[in-house]
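Text of upload.cif (mmCIF, C-alpha atoms and all ligand atoms) as supplied:
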data_my_file
loop_
_atom_site.label_atom_id
_atom_site.label_comp_id
_atom_site.auth_asym_id
_atom_site.auth_seq_id
_atom_site.Cartn_x
_atom_site.Cartn_y
_atom_site.Cartn_z
CA MET A 1 -7.34 -137.24 -124.72
CA ASP A 2 -8.95 -133.82 -124.79
CA VAL A 3 -6.85 -131.20 -126.51
CA THR A 4 -7.63 -128.67 -123.76
CA THR A 5 -5.60 -130.78 -121.32
CA MET A 6 -2.44 -130.25 -123.37
CA PRO A 7 0.27 -128.55 -121.31
CA SER A 8 1.33 -125.03 -122.18
CA THR A 9 4.55 -124.47 -124.09
CA ASN A 10 6.38 -123.18 -121.06
CA SER A 11 5.26 -125.75 -118.56
CA LEU A 12 6.14 -128.61 -120.90
CA LEU A 13 9.55 -127.14 -121.59
CA GLU A 14 10.16 -126.63 -117.90
CA ARG A 15 9.33 -130.24 -117.13
CA LEU A 16 11.46 -131.59 -119.95
CA ARG A 17 14.43 -129.51 -118.85
CA LYS A 18 14.06 -130.81 -115.33
CA ASP A 19 13.56 -134.43 -116.38
CA PHE A 20 16.39 -134.42 -118.93
CA PRO A 21 19.10 -132.19 -117.43
CA ALA A 22 21.73 -133.60 -119.80
CA ILE A 23 19.87 -132.35 -122.86
CA ASN A 24 20.06 -128.71 -123.97
CA PHE A 25 16.76 -127.30 -125.20
CA VAL A 26 17.48 -124.36 -127.48
CA PRO A 27 14.87 -122.18 -129.22
CA ASP A 28 15.38 -122.11 -133.00
CA GLU A 29 13.47 -121.79 -136.26
CA SER A 30 12.76 -125.48 -136.61
CA PHE A 31 12.96 -128.69 -134.64
CA GLU A 32 16.16 -130.66 -134.81
CA TRP A 33 18.03 -133.23 -132.75
CA ASP A 34 21.75 -132.54 -132.64
CA ALA A 35 23.35 -135.68 -131.21
CA LYS A 36 26.89 -134.30 -131.22
CA ASN A 37 25.97 -131.48 -128.86
CA ASN A 38 23.19 -133.32 -127.05
CA THR A 39 20.92 -130.47 -128.05
CA ILE A 40 17.30 -130.31 -129.08
CA HIS A 41 16.44 -127.30 -131.21
CA ILE A 42 12.85 -126.30 -130.66
CA ALA A 43 10.50 -124.09 -132.66
CA LEU A 44 8.33 -122.40 -130.05
CA ASP A 45 5.62 -121.37 -132.52
CA ASP A 46 5.24 -124.75 -134.21
CA GLU A 47 1.58 -125.75 -134.25
CA HIS A 48 2.54 -129.23 -133.07
CA PHE A 49 5.00 -127.98 -130.50
CA ALA A 50 4.29 -130.49 -127.73
CA GLU A 51 4.21 -133.50 -130.03
CA ARG A 52 7.43 -132.49 -131.75
CA CYS A 53 9.18 -131.89 -128.43
CA LEU A 54 8.43 -135.44 -127.38
CA HIS A 55 9.50 -136.72 -130.79
CA GLU A 56 12.90 -135.03 -130.40
CA VAL A 57 13.27 -136.44 -126.90
CA GLY A 58 12.55 -139.80 -128.55
CA HIS A 59 15.57 -139.31 -130.83
CA ALA A 60 17.64 -138.39 -127.79
CA LEU A 61 16.56 -141.40 -125.73
CA LEU A 62 17.30 -143.71 -128.66
CA LYS A 63 20.69 -142.04 -129.06
CA HIS A 64 20.12 -141.47 -132.74
CA SER A 65 23.15 -140.01 -134.43
CA ASN A 66 24.03 -141.12 -137.92
CA TYR A 67 22.47 -142.97 -140.77
CA ASP A 68 24.07 -144.42 -143.89
CA LYS A 69 21.22 -144.69 -146.33
CA ASP A 70 18.40 -142.22 -146.78
CA ILE A 71 15.85 -144.90 -146.09
CA ASP A 72 17.39 -145.39 -142.64
CA LEU A 73 16.42 -141.84 -141.79
CA ILE A 74 12.78 -142.76 -142.19
CA ALA A 75 13.27 -145.63 -139.72
CA LEU A 76 14.84 -143.22 -137.22
CA GLU A 77 11.90 -140.87 -137.61
CA ARG A 78 9.39 -143.65 -137.13
CA ASP A 79 11.18 -144.99 -134.05
CA ALA A 80 11.38 -141.56 -132.42
CA TRP A 81 7.63 -141.12 -132.94
CA GLU A 82 7.05 -144.57 -131.46
CA VAL A 83 8.84 -143.57 -128.26
CA ALA A 84 6.96 -140.27 -128.15
CA LYS A 85 3.62 -141.99 -128.51
CA THR A 86 4.06 -145.12 -126.40
CA LYS A 87 6.40 -143.91 -123.64
CA LEU A 88 6.27 -140.11 -123.32
CA ALA A 89 2.75 -139.06 -124.33
CA SER A 90 1.03 -140.28 -121.16
CA ILE A 91 3.77 -138.98 -118.85
CA TYR A 92 3.51 -135.45 -120.24
CA SER A 93 -0.22 -135.51 -121.04
CA VAL A 94 0.42 -134.80 -124.71
CA ASP A 95 -1.84 -136.18 -127.40
CA VAL A 96 0.57 -137.49 -130.03
CA SER A 97 -1.86 -137.84 -132.90
CA ALA A 98 -1.61 -140.38 -135.67
CA ASP A 99 -2.15 -137.54 -138.17
CA THR A 100 0.90 -135.62 -137.01
CA ILE A 101 3.01 -138.76 -137.22
CA GLN A 102 1.66 -139.62 -140.66
CA ASP A 103 2.22 -136.09 -141.98
CA ASP A 104 5.77 -136.13 -140.74
CA LEU A 105 6.58 -139.53 -142.22
CA ASP A 106 4.91 -138.51 -145.50
CA THR A 107 7.29 -135.55 -145.68
CA TYR A 108 10.20 -137.96 -145.45
CA ARG A 109 8.71 -140.33 -148.00
CA ASP A 110 8.18 -137.47 -150.47
CA TRP A 111 11.72 -136.32 -149.86
CA LEU A 112 13.08 -139.82 -150.38
CA HIS A 113 11.10 -140.23 -153.59
CA ALA A 114 12.35 -136.90 -154.94
CA ARG A 115 15.95 -137.78 -154.15
CA SER A 116 15.80 -141.27 -155.57
CA SER A 117 14.05 -140.40 -158.84
CA CYS A 118 16.41 -140.39 -161.83
CA PRO A 119 16.81 -136.88 -163.27
CA GLU A 120 17.05 -138.35 -166.77
CA CYS A 121 14.32 -140.97 -166.98
CA THR A 122 12.45 -140.65 -163.62
CA ALA A 123 12.92 -144.34 -162.78
CA VAL A 124 13.62 -144.90 -159.08
CA GLY A 125 17.33 -145.39 -158.55
CA ILE A 126 19.31 -147.10 -155.81
CA GLN A 127 21.51 -145.34 -153.31
CA THR A 128 25.12 -146.37 -153.88
CA LYS A 129 26.84 -144.02 -151.43
CA LYS A 130 25.81 -141.59 -148.75
CA HIS A 131 25.38 -138.82 -151.33
CA GLU A 132 24.98 -140.75 -154.55
CA TYR A 133 22.24 -142.57 -156.41
CA ARG A 134 22.39 -144.64 -159.57
CA CYS A 135 19.63 -145.38 -162.04
CA LEU A 136 19.42 -149.05 -162.98
CA ALA A 137 17.42 -148.23 -166.09
CA CYS A 138 19.67 -145.66 -167.79
CA ARG A 139 22.86 -145.82 -165.66
CA THR A 140 22.77 -142.15 -164.74
CA THR A 141 24.33 -141.32 -161.38
CA TRP A 142 23.47 -138.23 -159.39
CA ARG A 143 24.49 -136.61 -156.15
CA VAL A 144 22.22 -135.51 -153.32
CA ASN A 145 22.68 -133.06 -150.47
CA ASP A 146 23.13 -133.90 -146.87
CA ALA A 147 20.00 -134.07 -144.79
CA ARG A 148 19.81 -133.98 -141.05
CA VAL A 149 17.36 -135.54 -138.69
CA CYS A 150 14.16 -133.52 -138.39
CA SER A 151 15.29 -130.54 -140.41
CA LEU A 152 13.87 -131.57 -143.76
CA ARG A 153 11.54 -128.62 -143.91
CA ARG A 154 14.53 -126.43 -144.50
CA TYR A 155 15.40 -128.31 -147.65
CA ILE A 156 12.19 -129.19 -149.41
CA THR A 157 9.08 -127.26 -150.24
CA THR A 158 5.78 -128.96 -150.80
ZN ZN A 201 17.41 -143.14 -165.41
ZN ZN A 202 12.78 -136.62 -136.04
#
Would you mind writing the file's structure down as structure tokens?
Ligand SMILES: [Zn+2]
Ligand SMILES: [Zn+2]
Amino acid sequence: MDVTTMPSTNSLLERLRKDFPAINFVPDESFEWDAKNNTIHIALDDEHFAERCLHEVGHALLKHSNYDKDIDLIALERDAWEVAKTKLASIYSVDVSADTIQDDLDTYRDWLHARSSCPECTAVGIQTKKHEYRCLACRTTWRVNDARVCSLRRYITT
């Protein structure tokens, strides 16, 4: 698909609001799906605005809310991209590129690796609770912060 056929920010937003009246689309600093309030936070100046909009709608359509283990978050991300690419892209004439998807999933993989690496010996630990990891090599346990769907960029710097 030619990139020049991509819809403008406003026209895409207008269509999404009309097609999904139950979802609130709220301008914010970064993209985020807030299941509790049925709200999609959108970053109007994001360079992948259209793709990310469809990705968030993917989370909404799949009714993503919670996850227990960090690795589950990656599955949620992948599934939301799958919906964006296979179901929504053609409807809204948005080119959901493999690169954007890969970059996004890489961010989550880097984040997961950083969280799961033992602070003492750098071996990869296992997640024992929602906010706790344990190293099988040296028995160290460590706590990790909460992370919410799609808002990782607020928490990690690469
Ligand atoms: Zn260790
Ligand atoms: Zn997401």
Let me have all residues with an atom within 10 Å of ligand ZN 202 (chain A), counting all atoms listed in the file, laid out as a VMD selection string. chain A and resid 31 to 33 52 to 60 64 73 to 81 104 to 105 108 148 to 152
Closest-contact table, chain A side, partner ligand ZN 201 (chain A), 12 Å, counting all atoms listed in the file, as CSV:
residue,atom,partner,partner_atom,distance
A:Ser116,CA,A:ZN201,ZN,10.1
A:Ser117,CA,A:ZN201,ZN,7.9
A:Cys118,CA,A:ZN201,ZN,4.6
A:Pro119,CA,A:ZN201,ZN,6.6
A:Glu120,CA,A:ZN201,ZN,5.0
A:Cys121,CA,A:ZN201,ZN,4.1
A:Thr122,CA,A:ZN201,ZN,5.8
A:Ala123,CA,A:ZN201,ZN,5.3
A:Val124,CA,A:ZN201,ZN,7.6
A:Gly125,CA,A:ZN201,ZN,7.2
A:Ile126,CA,A:ZN201,ZN,10.6
A:Tyr133,CA,A:ZN201,ZN,10.2
A:Arg134,CA,A:ZN201,ZN,7.8
A:Cys135,CA,A:ZN201,ZN,4.6
A:Leu136,CA,A:ZN201,ZN,6.7
A:Ala137,CA,A:ZN201,ZN,5.1
A:Cys138,CA,A:ZN201,ZN,4.1
A:Arg139,CA,A:ZN201,ZN,6.1
A:Thr140,CA,A:ZN201,ZN,5.5
A:Thr141,CA,A:ZN201,ZN,8.2
A:Trp142,CA,A:ZN201,ZN,9.9
At what distance in Å, to one decimal, does CA of Pro21 (chain A) lie from CA of Lys63 (chain A)?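 Separation between CA of Lys63 (chain A) and CA of Pro21 (chain A): 15.3 Å.
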Just to confirm, what's the straight-line distance from CA of Lys130 (chain A) to CA of Tyr67 (chain A) in Å (one decimal)? 8.8 Å
CA of Ala35 (chain A) to CA of Lys69 (chain A), distance in Å rounded to a single decimal: 17.7 Å
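Distance annotation: of A:Ile91, A:Ile71, A:Glu47, A:Ala84, the residue with the minimal separation from His113 (chain A) is A:Ile71; atom set is all atoms listed in the file.
Among the candidates A:Leu44, A:Leu61, A:Ala50, A:Glu82, the one nearest to Ile23 (chain A) when counting only C-alpha atoms is A:Leu61.
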For Lys85 (chain A), the nearest of the candidates A:Asp45, A:Asp110, A:Glu51, A:Asp28, counting only C-alpha atoms: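 Looking at the shortest contact to Lys85 (chain A), the residue is A:Glu51.
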Go through A:Asp34, A:Ser11, A:Asp103, A:Asn145 one by one, measure the shortest atom-to-atom distance of each to Glu132 (chain A) using all atoms listed in the file, and give the residue with the smallest value. A:Asn145
Just add N, CA and C atoms to region 104-135 of chain A and send it as a compact mmCIF listing (two decimals), in the coordinates of the input.
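Contents of rebuild.txt, freshly written:
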# COMPACT_ATOMS: atom_id res chain seq x y z
N ASP A 104 4.33 -136.22 -140.84
CA ASP A 104 5.77 -136.13 -140.74
C ASP A 104 6.44 -137.20 -141.59
N LEU A 105 5.97 -138.44 -141.46
CA LEU A 105 6.58 -139.53 -142.22
C LEU A 105 6.34 -139.36 -143.71
N ASP A 106 5.18 -138.79 -144.08
CA ASP A 106 4.91 -138.51 -145.50
C ASP A 106 5.93 -137.53 -146.07
N THR A 107 6.29 -136.53 -145.26
CA THR A 107 7.29 -135.55 -145.68
C THR A 107 8.59 -136.26 -146.04
N TYR A 108 8.96 -137.22 -145.20
CA TYR A 108 10.20 -137.96 -145.45
C TYR A 108 10.08 -138.87 -146.66
N ARG A 109 8.90 -139.46 -146.84
CA ARG A 109 8.71 -140.33 -148.00
C ARG A 109 8.77 -139.53 -149.29
N ASP A 110 8.14 -138.34 -149.28
CA ASP A 110 8.18 -137.47 -150.47
C ASP A 110 9.62 -137.07 -150.78
N TRP A 111 10.32 -136.72 -149.71
CA TRP A 111 11.72 -136.32 -149.86
C TRP A 111 12.55 -137.46 -150.44
N LEU A 112 12.33 -138.67 -149.91
CA LEU A 112 13.08 -139.82 -150.38
C LEU A 112 12.77 -140.09 -151.85
N HIS A 113 11.50 -139.98 -152.21
CA HIS A 113 11.10 -140.23 -153.59
C HIS A 113 11.74 -139.22 -154.53
N ALA A 114 11.75 -137.95 -154.11
CA ALA A 114 12.35 -136.90 -154.94
C ALA A 114 13.85 -137.15 -155.12
N ARG A 115 14.51 -137.54 -154.06
CA ARG A 115 15.95 -137.78 -154.15
C ARG A 115 16.29 -138.99 -155.00
N SER A 116 15.44 -140.01 -154.92
CA SER A 116 15.80 -141.27 -155.57
C SER A 116 15.29 -141.38 -157.00
N SER A 117 14.56 -140.35 -157.47
CA SER A 117 14.05 -140.40 -158.84
C SER A 117 15.14 -139.92 -159.82
N CYS A 118 15.37 -140.71 -160.86
CA CYS A 118 16.41 -140.39 -161.83
C CYS A 118 16.09 -139.08 -162.56
N PRO A 119 17.05 -138.16 -162.60
CA PRO A 119 16.81 -136.88 -163.27
C PRO A 119 16.68 -137.03 -164.79
N GLU A 120 17.13 -138.15 -165.32
CA GLU A 120 17.05 -138.35 -166.77
C GLU A 120 15.77 -139.07 -167.20
N CYS A 121 15.44 -140.13 -166.50
CA CYS A 121 14.32 -140.97 -166.98
C CYS A 121 13.23 -141.16 -165.93
N THR A 122 13.41 -140.60 -164.74
CA THR A 122 12.45 -140.65 -163.62
C THR A 122 12.24 -142.04 -163.01
N ALA A 123 12.99 -143.05 -163.47
CA ALA A 123 12.92 -144.34 -162.78
C ALA A 123 13.49 -144.16 -161.37
N VAL A 124 13.08 -145.01 -160.44
CA VAL A 124 13.62 -144.90 -159.08
C VAL A 124 14.97 -145.59 -159.02
N GLY A 125 15.98 -144.84 -158.61
CA GLY A 125 17.33 -145.39 -158.55
C GLY A 125 17.64 -146.01 -157.21
N ILE A 126 18.86 -146.55 -157.08
CA ILE A 126 19.31 -147.10 -155.81
C ILE A 126 20.42 -146.22 -155.26
N GLN A 127 20.47 -146.16 -153.93
CA GLN A 127 21.51 -145.34 -153.31
C GLN A 127 22.79 -146.16 -153.24
N THR A 128 23.86 -145.63 -153.83
CA THR A 128 25.12 -146.37 -153.88
C THR A 128 26.11 -145.88 -152.83
N LYS A 129 26.00 -144.61 -152.47
CA LYS A 129 26.84 -144.02 -151.43
C LYS A 129 25.97 -143.06 -150.64
N LYS A 130 26.57 -142.51 -149.58
CA LYS A 130 25.81 -141.59 -148.75
C LYS A 130 25.17 -140.45 -149.56
N HIS A 131 25.89 -139.95 -150.55
CA HIS A 131 25.38 -138.82 -151.33
C HIS A 131 25.20 -139.13 -152.80
N GLU A 132 25.06 -140.41 -153.13
CA GLU A 132 24.98 -140.75 -154.55
C GLU A 132 23.93 -141.83 -154.84
N TYR A 133 23.21 -141.59 -155.93
CA TYR A 133 22.24 -142.57 -156.41
C TYR A 133 22.62 -142.99 -157.82
N ARG A 134 22.17 -144.18 -158.21
CA ARG A 134 22.39 -144.64 -159.57
C ARG A 134 21.09 -145.22 -160.12
N CYS A 135 20.82 -144.86 -161.37
CA CYS A 135 19.63 -145.38 -162.04
C CYS A 135 19.97 -146.72 -162.70
